[in-house]
>>> print(open('structure_36.cif').read())   # mmCIF, C-alpha atoms
data_protein
loop_
_atom_site.label_atom_id
_atom_site.label_comp_id
_atom_site.auth_asym_id
_atom_site.auth_seq_id
_atom_site.Cartn_x
_atom_site.Cartn_y
_atom_site.Cartn_z
CA VAL Z 1 115.31 102.78 104.05
CA ALA Z 2 113.87 99.36 103.12
CA PRO Z 3 115.00 96.60 100.73
CA ALA Z 4 113.21 96.28 97.38
CA GLY Z 5 112.76 93.29 95.11
CA ASP Z 6 115.52 90.73 95.57
CA GLY Z 7 117.22 92.90 98.22
CA SER Z 8 120.02 94.42 96.13
CA ASP Z 9 118.02 97.64 95.66
CA VAL Z 10 116.69 99.90 98.41
CA ILE Z 11 113.75 102.27 98.80
CA VAL Z 12 114.42 105.65 100.43
CA LEU Z 13 111.66 107.76 101.99
CA GLY Z 14 111.72 111.37 103.12
CA ILE Z 15 109.32 114.17 104.09
CA GLU Z 16 109.53 117.39 102.07
CA TYR Z 17 108.36 120.87 102.99
CA ASP Z 18 109.08 124.46 101.99
CA HIS Z 19 111.29 125.87 104.75
CA ARG Z 20 110.42 129.38 103.56
CA ASP Z 21 106.71 128.87 104.19
CA PHE Z 22 105.69 127.62 107.62
CA GLY Z 23 102.12 127.25 106.41
CA ALA Z 24 103.00 124.98 103.50
CA LEU Z 25 101.84 121.38 103.65
CA SER Z 26 104.44 118.62 103.67
CA THR Z 27 104.74 115.98 100.96
CA LEU Z 28 106.63 112.70 100.66
CA PHE Z 29 109.68 111.89 98.57
CA LEU Z 30 110.29 108.30 97.49
CA ALA Z 31 113.19 106.87 95.49
CA ARG Z 32 114.55 103.47 94.48
CA LEU Z 33 118.33 103.08 94.40
CA ASP Z 34 120.30 100.22 92.86
CA ALA Z 35 123.16 98.34 94.48
CA HIS Z 36 125.56 101.17 93.54
CA LEU Z 37 123.11 103.79 94.90
CA GLY Z 38 122.19 104.98 91.44
CA VAL Z 39 118.66 106.37 91.10
CA ILE Z 40 116.23 103.99 89.33
CA TRP Z 41 113.14 106.15 89.89
CA SER Z 42 112.16 109.02 92.20
CA ARG Z 43 108.69 110.34 93.00
CA HIS Z 44 106.92 113.17 94.81
CA LEU Z 45 103.82 112.02 96.72
CA ASP Z 46 101.23 114.68 97.55
CA ALA Z 47 97.87 114.27 99.31
CA PRO Z 48 95.93 117.46 98.51
CA GLY Z 49 94.68 119.20 101.65
CA ARG Z 50 96.66 116.90 103.95
CA TRP Z 51 99.88 117.16 105.93
CA PHE Z 52 102.22 114.18 106.30
CA GLU Z 53 103.30 114.69 109.89
CA GLN Z 54 105.30 111.45 110.19
CA ALA Z 55 106.17 108.67 107.75
CA ALA Z 56 108.36 105.56 107.81
CA LEU Z 57 109.05 102.47 105.71
CA ARG Z 58 108.13 99.00 106.94
CA GLU Z 59 108.71 95.68 105.15
CA ILE Z 60 105.38 93.81 104.97
CA ALA Z 61 106.93 90.90 103.02
CA PRO Z 62 110.49 90.26 101.77
CA GLY Z 63 111.26 92.99 99.25
CA GLU Z 64 107.79 94.54 99.61
CA PRO Z 65 107.86 97.81 101.59
CA ALA Z 66 104.96 99.97 102.73
CA VAL Z 67 104.67 103.55 103.95
CA VAL Z 68 103.17 104.00 107.43
CA GLY Z 69 102.65 107.10 109.55
CA ILE Z 70 100.10 109.83 110.16
CA VAL Z 71 98.35 112.41 107.98
CA GLN Z 72 96.39 115.45 109.11
CA ASN Z 73 93.52 117.17 107.33
CA ASN Z 74 94.06 120.87 106.67
CA ASP Z 75 90.87 122.84 107.25
CA GLY Z 76 91.56 126.46 106.37
CA GLY Z 77 95.06 126.32 107.82
CA VAL Z 78 93.99 124.38 110.93
CA LEU Z 79 95.25 120.79 111.18
CA ASP Z 80 93.12 118.10 112.83
CA ALA Z 81 94.42 115.50 115.30
CA GLY Z 82 95.45 113.13 112.51
CA ASP Z 83 94.63 109.71 111.10
CA ALA Z 84 96.92 106.72 110.65
CA PHE Z 85 98.27 106.29 107.12
CA PHE Z 86 99.14 103.07 105.26
CA ALA Z 87 100.04 102.32 101.65
CA ARG Z 88 101.94 99.58 99.85
CA ILE Z 89 104.61 100.58 97.34
CA ASP Z 90 104.82 99.28 93.78
CA VAL Z 91 108.60 98.89 93.75
CA ALA Z 92 108.65 98.70 89.93
CA THR Z 93 107.13 102.16 89.43
CA GLY Z 94 107.12 104.02 92.75
CA ALA Z 95 103.31 104.32 92.78
CA LEU Z 96 101.42 103.81 96.03
CA VAL Z 97 98.99 100.90 96.12
CA ALA Z 98 95.66 101.52 97.91
CA PRO Z 99 96.75 104.48 100.10
CA SER Z 100 94.38 104.60 103.07
CA ALA Z 101 93.72 106.51 106.27
CA LEU Z 102 92.59 104.71 109.43
CA GLY Z 103 91.02 106.67 112.25
CA THR Z 104 88.18 107.80 114.47
CA PRO Z 105 86.71 111.31 114.83
CA ASP Z 106 87.70 111.66 118.51
CA ALA Z 107 91.31 110.38 118.47
CA ARG Z 108 94.77 110.88 117.04
CA GLU Z 109 96.04 107.71 115.36
CA ARG Z 110 99.49 106.89 113.95
CA ILE Z 111 100.63 103.63 112.38
CA ALA Z 112 103.97 102.70 113.94
CA ASP Z 113 104.55 99.31 112.31
CA ALA Z 114 103.12 96.84 109.81
CA THR Z 115 103.94 93.15 109.69
CA PRO Z 116 102.45 90.09 107.95
CA ILE Z 117 100.31 87.67 109.93
CA ASP Z 118 100.40 85.13 107.10
CA ALA Z 119 100.54 85.18 103.31
CA SER Z 120 97.28 87.13 103.07
CA ALA Z 121 96.73 89.24 106.20
CA GLN Z 122 98.59 92.21 107.73
CA ALA Z 123 98.75 93.49 111.30
CA LEU Z 124 99.11 97.24 111.84
CA LEU Z 125 100.43 98.62 115.13
CA VAL Z 126 98.67 101.92 115.84
CA GLU Z 127 99.39 104.64 118.38
CA VAL Z 128 96.01 105.86 119.70
CA GLN Z 129 95.63 109.06 121.74
CA ARG Z 130 92.21 110.31 122.82
CA ALA Z 131 90.45 112.28 125.55
CA THR Z 132 88.04 110.39 127.81
CA ASP Z 133 85.95 111.26 130.87
CA ALA Z 134 88.71 109.72 133.02
CA GLY Z 135 91.46 111.78 131.38
CA PHE Z 136 93.85 111.58 128.45
CA GLU Z 137 94.10 107.98 127.24
CA SER Z 138 97.12 106.49 125.53
CA ALA Z 139 96.86 103.02 124.01
CA ASP Z 140 98.38 100.54 121.56
CA GLY Z 141 95.97 99.56 118.80
CA ILE Z 142 96.12 96.48 116.59
CA ALA Z 143 94.27 96.64 113.26
CA VAL Z 144 94.16 93.54 111.05
CA LEU Z 145 93.74 93.86 107.28
CA ASP Z 146 92.49 90.90 105.25
CA ALA Z 147 93.72 89.71 101.85
CA ASN Z 148 91.65 92.40 100.13
CA GLY Z 149 93.06 95.18 102.30
CA ALA Z 150 89.78 95.56 104.21
CA LEU Z 151 89.70 96.11 107.97
CA ALA Z 152 89.01 92.70 109.52
CA SER Z 153 89.39 93.29 113.27
CA THR Z 154 90.76 95.70 115.89
CA ARG Z 155 91.97 95.53 119.47
CA LEU Z 156 93.12 98.19 121.93
CA VAL Z 157 95.55 97.69 124.82
CA GLY Z 158 95.60 100.62 127.25
CA HIS Z 159 98.19 102.28 129.47
CA PRO Z 160 97.36 103.78 132.88
CA ILE Z 161 95.56 107.12 132.61
CA VAL Z 162 97.97 109.42 134.43
CA VAL Z 163 98.56 113.12 133.77
CA GLY Z 164 101.49 113.51 131.38
CA VAL Z 165 101.74 109.85 130.34
CA ARG Z 166 101.95 109.12 126.61
CA ALA Z 167 102.76 105.76 125.04
CA GLN Z 168 104.58 105.67 121.71
CA PRO Z 169 104.58 102.14 120.24
CA GLN Z 170 107.50 101.44 117.90
CA ARG Z 171 107.53 97.87 116.66
CA LEU Z 172 105.30 94.80 116.50
CA LEU Z 173 107.59 91.77 116.83
CA ARG Z 174 106.73 88.16 116.00
CA ASP Z 175 107.76 85.59 118.62
CA GLY Z 176 106.61 82.18 117.43
CA GLU Z 177 102.81 82.26 117.62
CA ASP Z 178 102.88 85.26 119.96
CA TRP Z 179 103.45 88.97 119.35
CA ILE Z 180 105.34 91.62 121.29
CA VAL Z 181 104.57 95.34 121.25
CA ALA Z 182 107.71 97.39 121.96
CA GLY Z 183 107.65 101.12 122.55
CA ARG Z 184 108.46 104.17 124.67
CA ARG Z 185 106.35 105.66 127.43
CA VAL Z 186 106.85 109.34 128.19
CA SER Z 187 105.70 110.81 131.48
CA LEU Z 188 106.26 113.72 133.83
CA GLY Z 189 108.16 111.27 136.03
CA PRO Z 190 110.52 108.47 134.93
CA ASN Z 191 110.43 107.46 131.25
CA PHE Z 192 110.27 103.78 130.32
CA TYR Z 193 110.67 101.39 127.42
CA TYR Z 194 107.90 98.81 127.51
CA LEU Z 195 107.34 95.28 126.22
CA GLN Z 196 103.80 93.90 126.02
CA ARG Z 197 103.30 90.27 125.02
CA LEU Z 198 100.18 89.42 123.02
CA ALA Z 199 98.72 86.00 122.24
CA SER Z 200 98.24 84.85 118.65
CA ASP Z 201 94.79 86.51 118.64
CA PHE Z 202 96.36 89.72 120.08
CA THR Z 203 94.95 89.20 123.58
CA PRO Z 204 97.36 90.98 125.96
CA ALA Z 205 99.24 89.18 128.71
CA ALA Z 206 98.25 90.11 132.26
CA THR Z 207 101.36 92.23 132.88
CA ARG Z 208 103.57 94.56 130.84
CA THR Z 209 107.33 94.84 131.40
CA LEU Z 210 108.86 98.30 131.94
CA ILE Z 211 112.55 99.18 131.63
CA PRO Z 212 113.95 102.70 132.38
CA PHE Z 213 115.76 102.42 129.02
CA PHE Z 214 113.91 105.29 127.40
CA ASN Z 215 116.54 106.22 124.81
CA ALA Z 216 116.54 102.82 123.13
CA MET Z 217 117.43 103.17 119.45
CA ASP Z 218 116.39 99.78 118.11
CA VAL Z 219 114.70 96.54 119.13
CA ALA Z 220 114.82 93.10 117.50
CA MET Z 221 114.01 89.43 118.13
CA ARG Z 222 116.93 86.98 117.98
CA GLY Z 223 116.63 83.31 118.97
CA GLY Z 224 113.62 83.87 121.23
CA SER Z 225 115.26 86.81 123.04
CA VAL Z 226 114.60 90.53 122.74
CA LEU Z 227 117.60 92.74 121.98
CA LEU Z 228 117.64 96.45 122.82
CA TYR Z 229 120.37 98.99 122.14
CA GLY Z 230 120.50 102.58 123.33
CA GLU Z 231 121.92 105.10 125.75
CA ALA Z 232 123.08 104.23 129.25
CA ASN Z 233 121.03 105.37 132.24
CA GLY Z 234 121.41 109.14 132.22
CA GLU Z 235 119.23 109.50 135.30
CA VAL Z 236 122.14 108.16 137.36
CA MET Z 237 124.68 110.09 135.24
CA ASP Z 238 125.98 107.03 133.38
CA ARG Z 239 127.44 107.63 129.92
CA GLY Z 240 127.89 105.54 126.81
CA THR Z 241 125.57 103.06 125.12
CA VAL Z 242 124.20 99.71 126.26
CA LEU Z 243 123.32 96.44 124.57
CA MET Z 244 120.60 94.59 126.47
CA ARG Z 245 119.14 91.10 125.99
CA LEU Z 246 115.94 89.88 127.63
CA ASP Z 247 114.88 86.23 127.83
CA PRO Z 248 111.39 84.95 126.79
CA ASP Z 249 110.03 86.01 130.22
CA PHE Z 250 111.50 89.51 129.69
CA ALA Z 251 114.09 89.03 132.43
CA ILE Z 252 117.38 90.79 131.65
CA ASP Z 253 120.16 88.27 131.00
CA LEU Z 254 122.72 90.61 129.41
CA GLN Z 255 123.69 94.26 129.83
CA ARG Z 256 126.94 95.56 128.39
CA ARG Z 257 128.05 99.18 128.29
CA TYR Z 258 130.32 100.66 125.63
CA GLY Z 259 132.26 103.89 126.15
CA THR Z 260 130.78 105.78 123.22
CA GLU Z 261 130.36 109.54 123.32
CA ASN Z 262 127.30 110.70 121.42
CA GLN Z 263 127.34 114.40 120.62
CA THR Z 264 123.75 114.24 119.40
CA PHE Z 265 120.85 111.91 120.18
CA PRO Z 266 121.91 108.60 118.59
CA THR Z 267 119.80 107.21 115.75
CA GLY Z 268 121.31 103.78 115.30
CA ALA Z 269 120.09 100.35 114.30
CA PHE Z 270 120.89 96.63 114.44
CA ALA Z 271 122.23 94.32 111.77
CA PHE Z 272 123.13 90.65 112.19
CA GLY Z 273 125.53 88.18 110.63
CA ASP Z 274 128.33 85.63 111.28
CA GLY Z 275 127.25 85.21 114.90
CA GLY Z 276 127.71 88.88 115.76
CA VAL Z 277 125.66 92.02 116.21
CA PHE Z 278 126.49 95.09 114.14
CA LEU Z 279 125.62 98.30 116.00
CA ALA Z 280 125.16 101.46 113.93
CA LEU Z 281 125.16 104.62 116.01
CA GLY Z 282 124.16 107.05 113.26
CA ALA Z 283 125.75 110.18 111.81
CA MET Z 284 127.72 112.49 114.10
CA ARG Z 285 130.18 115.36 113.84
CA ASP Z 286 133.32 115.93 115.86
CA ASP Z 287 134.84 119.18 117.11
CA ASP Z 288 136.92 119.56 113.92
CA GLY Z 289 133.86 119.47 111.66
CA PHE Z 290 134.38 115.86 110.57
CA ALA Z 291 131.06 114.12 109.94
CA TYR Z 292 131.11 110.37 110.42
CA GLU Z 293 129.05 107.22 110.71
CA SER Z 294 129.96 105.32 113.84
CA THR Z 295 129.67 101.53 113.89
CA ALA Z 296 130.80 98.58 115.99
CA ARG Z 297 130.57 94.79 115.78
CA VAL Z 298 130.15 92.85 119.02
CA SER Z 299 129.64 89.16 119.74
CA GLY Z 300 126.08 87.88 119.68
CA ASN Z 301 126.61 85.83 122.83
CA LEU Z 302 128.19 88.11 125.43
CA GLY Z 303 128.18 91.42 123.56
CA GLU Z 304 131.96 91.67 123.74
CA GLY Z 305 133.57 94.07 121.27
CA LEU Z 306 136.93 95.72 120.77
CA PHE Z 307 136.24 98.88 122.72
CA CYS Z 308 138.93 99.96 125.14
CA ASP Z 309 136.17 101.11 127.46
CA GLU Z 310 133.51 98.43 127.76
CA GLU Z 311 132.19 96.46 130.68
CA SER Z 312 129.37 94.46 132.13
CA TYR Z 313 126.58 96.79 133.22
CA GLU Z 314 123.87 96.78 135.88
CA GLY Z 315 122.29 100.17 135.28
CA PHE Z 316 118.80 98.95 134.37
CA ALA Z 317 116.23 96.73 136.09
CA THR Z 318 112.71 95.75 135.04
CA THR Z 319 109.42 96.57 136.71
CA SER Z 320 105.87 95.89 135.53
CA ASP Z 321 102.39 97.26 135.38
CA VAL Z 322 98.98 96.02 134.27
CA PRO Z 323 97.50 96.89 130.86
CA THR Z 324 94.09 98.54 130.99
CA GLN Z 325 91.02 97.71 128.94
CA PRO Z 326 89.92 100.92 127.18
CA ASP Z 327 86.49 101.62 125.76
CA ALA Z 328 85.72 100.33 122.29
CA TRP Z 329 87.88 101.52 119.43
CA THR Z 330 86.10 101.30 116.09
CA PRO Z 331 88.20 103.02 113.43
CA THR Z 332 87.27 103.19 109.78
CA LEU Z 333 89.62 102.59 106.86
CA ALA Z 334 89.08 104.90 103.90
CA ALA Z 335 90.95 105.44 100.64
CA ILE Z 336 92.67 108.80 100.23
CA ASP Z 337 93.91 110.57 97.14
CA VAL Z 338 97.70 110.63 96.81
CA GLN Z 339 99.07 112.19 93.64
CA THR Z 340 102.36 110.88 92.26
CA THR Z 341 104.70 112.96 90.10
CA ASP Z 342 108.25 112.41 88.91
CA ALA Z 343 111.01 114.03 90.94
CA ALA Z 344 114.28 115.11 89.38
CA VAL Z 345 117.09 114.01 91.67
CA THR Z 346 120.78 113.24 91.40
CA ALA Z 347 122.99 110.99 93.48
CA THR Z 348 126.41 112.49 94.20
CA ALA Z 349 129.32 110.39 95.42
CA LEU Z 350 131.17 111.64 98.50
CA ALA Z 351 134.90 111.31 99.15
CA LEU Z 352 135.02 108.94 102.11
CA ALA Z 353 137.75 108.36 104.63
CA GLU Z 354 137.91 105.36 106.94
CA VAL Z 355 139.33 105.56 110.44
CA ALA Z 356 139.57 102.62 112.83
CA SER Z 357 140.74 103.39 116.34
CA CYS Z 358 140.40 102.47 119.96
CA ALA Z 359 137.18 103.81 121.41
CA ALA Z 360 138.92 105.28 124.44
CA ALA Z 361 140.91 107.62 122.22
CA ASP Z 362 138.24 108.67 119.70
CA GLU Z 363 135.27 107.70 121.87
CA LEU Z 364 133.94 105.52 119.04
CA MET Z 365 135.06 102.22 117.59
CA PHE Z 366 135.03 103.05 113.88
CA ARG Z 367 134.46 106.21 111.91
CA HIS Z 368 133.40 106.31 108.29
CA GLY Z 369 132.79 109.85 107.16
CA PHE Z 370 133.40 112.76 104.86
CA ASP Z 371 134.85 116.25 105.09
CA ALA Z 372 132.56 118.96 106.40
CA GLU Z 373 132.85 120.84 103.08
CA SER Z 374 131.12 117.92 101.34
#
>>> encode(input="structure_36.cif", output="structure tokens")
Amino acid sequence: VAPAGDGSDVIVLGIEYDHRDFGALSTLFLARLDAHLGVIWSRHLDAPGRWFEQAALREIAPGEPAVVGIVQNNDGGVLDAGDAFFARIDVATGALVAPSALGTPDARERIADATPIDASAQALLVEVQRATDAGFESADGIAVLDANGALASTRLVGHPIVVGVRAQPQRLLRDGEDWIVAGRRVSLGPNFYYLQRLASDFTPAATRTLIPFFNAMDVAMRGGSVLLYGEANGEVMDRGTVLMRLDPDFAIDLQRRYGTENQTFPTGAFAFGDGGVFLALGAMRDDDGFAYESTARVSGNLGEGLFCDEESYEGFATTSDVPTQPDAWTPTLAAIDVQTTDAAVTATALALAEVASCAAADELMFRHGFDAES
């Protein structure tokens, strides 16, 4: 979901496929909803001969969303490694503006984030996976688009080439004149969340910070600090969720654990206002079949909330490694054909029930949900 126009409307994105046909190619579904969640327009987006493997919305300017992700060519039922996908959205009509694929023949590329550099240029954060003579290489790519949407420059920041290691960049954060790449690193050993600072020209700092906070749900910049929120350290059998704050040097200056009980992998997010942090845990279902959206507001300073079970936490500590300098990465940016058709959809109101209770009793601070039959 991303805001549209003046912010009272929202854009919703989804991936569609025929569950009865495992060979069918996926398409995208896009809709604009008004402040009352009424449908303004809805569209099917189809790229003939291509599979939308992943797609997400990113705000490239206030009220101006774009679709980012990865598309794969379908050659006789065989999908290739995939190219990064980027397209602006005309929020008035639902049409895609200049849909493009960015990639190289020997790599798998995925756009994870898009953010403005200034009023005319965009920076794209790209996950790059490719085989090299030294082994499987995983890297964070930066591709800069100029005012005309042309590819202006690229840079690649590598991770150590180790069997089983894969980096998955998530967000490109602006910190004054600098940038921060935030993402997950999966390996056969410990999993990490990583923070890589880049200079204004995207030159990487000499070290990268690693935190064994793999199941982080969201990351944001607030007042020069990095905020992370996710699951407690399961490797030492801790339970609940943790709010973490890191200072400009990426030293941890706050960890607070909340006694939440997530029955599924949490898919939450941050929101901010009135000096506090609003933590959304995502949709869950309890043993009685009650589906709910779990949320909590905590203070922006110390992270204190109204949970019965919450405490200061020391379950995570930072380490570091050194970014590598991979071989040249010279992707091309090419227009692709995306066909837009109207989609007939309806928005149905649900009967909601609100429950506010102590987290120790219900395991969650607030529940806002609907009956399982709905």
>>> residues_around(input="structure_36.cif", residues="His44 (chain Z)", least_positions_apart="3", cutoff="10 Å", atoms="only C-alpha atoms", output="list in words")
Gly14, Ile15, Glu16, Thr27, Leu28, Phe29, Leu30, Ala31, Gly94, Ala95, Val338, Gln339, Thr340, Thr341, Asp342, Ala343 and Ala344 of chain Z
>>> atom_distance(input="structure_36.cif", atom1="CA of Phe85 (chain Z)", atom2="CA of Arg110 (chain Z)")
7.0 Å
>>> closest_residue(input="structure_36.cif", among="Z:Gly276, Z:Gly149, Z:Gly240, Z:Pro65", to="Ile89 (chain Z)", atoms="only C-alpha atoms")
Z:Pro65
>>> resolve_selection(input="structure_36.cif", expression="the PyMOL selection byres ((chain Z and resi 213-230) around 8)", output="count of residues only")
30
>>> residues_near_point(input="structure_36.cif", point="(93.7, 86.8, 131.5)", cutoff="12 Å", atoms="all atoms listed in the file", output="list in words")
Leu198, Ala199, Thr203, Pro204, Ala205, Ala206, Thr207, Val322, Pro323, Thr324 and Gln325 of chain Z
>>> atom_distance(input="structure_36.cif", atom1="CA of Gly63 (chain Z)", atom2="CA of Leu156 (chain Z)")
29.5 Å
>>> resolve_selection(input="structure_36.cif", expression="the PyMOL selection byres ((chain Z and resi 100) around 8)", output="ChimeraX atom specification")
/Z:85-87,98-99,101-102,333-336
>>> closest_residue(input="structure_36.cif", among="Z:Val298, Z:Leu33, Z:Ala147, Z:Val181", to="Arg257 (chain Z)", atoms="only C-alpha atoms")
Z:Val298
>>> residues_around(input="structure_36.cif", residues="Arg88 (chain Z)", least_positions_apart="4", cutoff="6 Å", atoms="all atoms listed in the file", output="list in words")
Ala66, Leu96 and Val97 of chain Z
>>> closest_residue(input="structure_36.cif", among="Z:Ala317, Z:Ile142, Z:Ala123, Z:Val162", to="Pro331 (chain Z)", atoms="only C-alpha atoms")
Z:Ile142
>>> residues_near_point(input="structure_36.cif", point="(89.9, 108.0, 125.7)", cutoff="10 Å", atoms="only C-alpha atoms", output="count of residues only")
20
>>> atom_distance(input="structure_36.cif", atom1="CA of Trp51 (chain Z)", atom2="CA of Ile70 (chain Z)")
8.5 Å
>>> residues_around(input="structure_36.cif", residues="Ile40 (chain Z)", least_positions_apart="2", cutoff="10 Å", atoms="all atoms listed in the file", output="list in words")
Asp9, Val10, Ile11, Ala31, Arg32, Leu33, Asp34, Leu37, Gly38, Ser42, Ala92, Thr93 and Gly94 of chain Z
>>> closest_residue(input="structure_36.cif", among="Z:Asp309, Z:Gly315, Z:Ile180, Z:Gly69", to="Asp249 (chain Z)", atoms="only C-alpha atoms")
Z:Ile180
>>> resolve_selection(input="structure_36.cif", expression="the PyMOL selection byres ((chain Z and resi 112-118) around 8)", output="VMD selection string")
chain Z and resid 58 to 61 66 68 to 69 110 to 111 119 to 127 169 to 172
>>> axis_aligned_box(input="structure_36.cif", around="region 277-280 of chain Z", padding_each_side="8 Å", output="lines of an AutoDock Vina configuration file")
center_x = 125.8
center_y = 96.7
center_z = 115.1
size_x = 17.3
size_y = 25.4
size_z = 18.3
>>> residues_around(input="structure_36.cif", residues="Gly273 (chain Z)", least_positions_apart="5", cutoff="10 Å", atoms="only C-alpha atoms", output="ChimeraX atom specification")
/Z:278,297,300
>>> closest_residue(input="structure_36.cif", among="Z:Tyr258, Z:Ala280, Z:Tyr194, Z:Arg50", to="Gly305 (chain Z)", atoms="only C-alpha atoms")
Z:Tyr258
>>> decode(input="structure_36.cif", residues="region 147-218 of chain Z", atoms="C-alpha atoms", output="CSV table (one decimal), in the first residue's frame")
chain,number,residue,atom,x,y,z
Z,147,ALA,CA,15.4,13.2,-15.2
Z,148,ASN,CA,14.5,11.5,-18.5
Z,149,GLY,CA,14.4,8.1,-16.8
Z,150,ALA,CA,17.7,7.0,-18.5
Z,151,LEU,CA,20.3,5.0,-16.6
Z,152,ALA,CA,22.9,7.5,-15.5
Z,153,SER,CA,25.3,5.5,-13.3
Z,154,THR,CA,25.7,2.2,-11.4
Z,155,ARG,CA,27.6,1.0,-8.4
Z,156,LEU,CA,28.0,-2.5,-6.8
Z,157,VAL,CA,28.8,-3.2,-3.1
Z,158,GLY,CA,29.6,-6.8,-2.5
Z,159,HIS,CA,29.2,-9.3,0.4
Z,160,PRO,CA,31.8,-12.0,1.2
Z,161,ILE,CA,31.6,-14.9,-1.2
Z,162,VAL,CA,30.8,-17.8,1.1
Z,163,VAL,CA,28.8,-20.9,0.3
Z,164,GLY,CA,25.2,-20.4,1.2
Z,165,VAL,CA,25.4,-16.6,1.8
Z,166,ARG,CA,22.7,-14.5,0.1
Z,167,ALA,CA,22.1,-10.8,0.7
Z,168,GLN,CA,18.6,-9.4,0.4
Z,169,PRO,CA,18.6,-5.6,0.5
Z,170,GLN,CA,15.3,-4.1,1.7
Z,171,ARG,CA,15.5,-0.3,1.9
Z,172,LEU,CA,17.6,2.6,0.8
Z,173,LEU,CA,17.4,5.2,3.6
Z,174,ARG,CA,18.4,8.9,3.3
Z,175,ASP,CA,20.5,10.2,6.2
Z,176,GLY,CA,21.4,13.8,5.5
Z,177,GLU,CA,23.8,13.7,2.6
Z,178,ASP,CA,24.6,10.0,3.2
Z,179,TRP,CA,22.7,6.9,2.4
Z,180,ILE,CA,22.1,3.6,4.3
Z,181,VAL,CA,21.4,0.2,2.7
Z,182,ALA,CA,19.4,-2.0,5.1
Z,183,GLY,CA,18.8,-5.6,4.4
Z,184,ARG,CA,18.9,-9.3,5.5
Z,185,ARG,CA,21.8,-11.7,4.9
Z,186,VAL,CA,20.9,-15.4,4.8
Z,187,SER,CA,23.6,-18.0,5.3
Z,188,LEU,CA,24.1,-21.7,6.3
Z,189,GLY,CA,25.3,-20.3,9.7
Z,190,PRO,CA,23.9,-17.3,11.7
Z,191,ASN,CA,21.6,-15.0,9.8
Z,192,PHE,CA,22.1,-11.2,10.1
Z,193,TYR,CA,20.5,-7.9,9.4
Z,194,TYR,CA,23.0,-5.5,7.9
Z,195,LEU,CA,23.4,-1.7,7.6
Z,196,GLN,CA,25.9,-0.3,5.1
Z,197,ARG,CA,26.5,3.4,5.0
Z,198,LEU,CA,27.2,5.0,1.6
Z,199,ALA,CA,28.5,8.5,0.9
Z,200,SER,CA,26.5,11.0,-1.2
Z,201,ASP,CA,28.1,9.5,-4.3
Z,202,PHE,CA,27.2,6.0,-3.1
Z,203,THR,CA,30.8,5.1,-2.2
Z,204,PRO,CA,30.6,2.5,0.6
Z,205,ALA,CA,32.0,3.0,4.1
Z,206,ALA,CA,35.0,0.8,5.0
Z,207,THR,CA,32.9,-1.5,7.3
Z,208,ARG,CA,29.4,-2.8,7.3
Z,209,THR,CA,27.4,-3.4,10.6
Z,210,LEU,CA,25.8,-6.8,11.2
Z,211,ILE,CA,23.1,-7.5,13.8
Z,212,PRO,CA,21.8,-11.1,14.4
Z,213,PHE,CA,18.3,-9.5,14.1
Z,214,PHE,CA,17.3,-11.5,11.0
Z,215,ASN,CA,13.5,-11.4,11.5
Z,216,ALA,CA,13.3,-7.6,11.4
Z,217,MET,CA,10.0,-6.5,10.0
Z,218,ASP,CA,10.6,-2.8,9.3
